[in-house]
Amino acid sequence: MPSDHYFSASPASPENLRPLRVTLADRDVEVTTASGVFSPDRLDAGTAVLLSHTPPPPPSGHVLDLGCGWGPISLSVAMLSPHADVWAVDVNQRALDLVRRNAEALELPNIRAVTPEEVPEDIAFRSIRSNPPIRVGKHVLHDMLETWLPRLDERSDAWLVVARNLGADSLQRWLAASFPRRYSVQRAATARGYRVLKVRRHGTPATAPIALP
């Protein structure tokens, strides 16, 4: 049997659907999870830290949940911002099916669960919120962030949660070195062994006036 990870496109393990009671956006809800996705038996501690240490999502526009899993970030954003278009992105088809199932059950029509290739190239995001898949490896993770962070709209923020013992501080240094212009990177919060990193894309500098002779 092939190696089966939560970042596999098509998990080989039996699906084993199961209900899970969680609190999202101050609501006690029941969702469906399954084997072969990230943290199927509970709300992951890092995701909980991210949800409790970020500001409310923008009320409208496009919001990206990168590496959505069964959907806790997407579901929370969609409940808090019903007029926003929430893009739940993952390579794991089972995870995307769960997000769709959970969005339908919670009556959240503003969630679109898609693969990375299905996101239109002309969309800019007013916010990115992610518990990124650190275990895919540094090079894959860096490629992922180099692809998506430039798609932040101007004067918009990405919020990433990473465990301190899985390289949060080195990732912060890499982000600062890799996005030196028009971006700022800071540690926004620390809790339960996790760091919440904020990456802000600033506006385009105003063009200096041309001096007339």
# chains A, B, ... in the order shown; residues from 1 in each chain; ligands from 1
$ select_by_dssp --residues "chain A" --states "strand (DSSP E)" --output "ChimeraX atom specification"
/A:18-24,27-33,61-66,84-89,111-114,125-130,152-163,183-191,194-201
$ closest_atom_pairs --of "region 96-207 of chain A" --to "region 24-41 of chain A" --cutoff "8 Å" --atoms "only C-alpha atoms" --output "CSV"
residue,atom,partner,partner_atom,distance
A:Leu98,CA,A:Thr33,CA,6.5
A:Arg101,CA,A:Thr32,CA,7.5
A:Asn102,CA,A:Val31,CA,5.7
A:Ala105,CA,A:Val31,CA,7.9
$ residues_around --residues "Asp85 (chain A)" --least-positions-apart "5" --cutoff "12 Å" --atoms "only C-alpha atoms" --output "number ranges by chain"
A: 57-65, 74-75, 77-80, 108-113, 119, 123-128
$ closest_residue --among "A:His142, A:Trp159, A:Leu106, A:Ala188" --to "Trp174 (chain A)" --atoms "only C-alpha atoms"
A:His142
$ closest_residue --among "A:Ala95, A:Leu20, A:Ala168, A:Val161" --to "Val49 (chain A)" --atoms "only C-alpha atoms"
A:Val161
$ closest_residue --among "A:Ala163, A:Glu15, A:Pro133, A:Val99" --to "Ala191 (chain A)" --atoms "only C-alpha atoms"
A:Ala163
$ closest_residue --among "A:Val86, A:Thr190, A:Asn165, A:Gln172" --to "Leu145 (chain A)" --atoms "only C-alpha atoms"
A:Gln172
$ atom_distance --atom1 "CA of Asp157 (chain A)" --atom2 "CA of Pro120 (chain A)"
19.7 Å
$ closest_residue --among "A:Ser76, A:Arg181, A:Gly67, A:Val199" --to "Thr23 (chain A)" --atoms "only C-alpha atoms"
A:Ser76
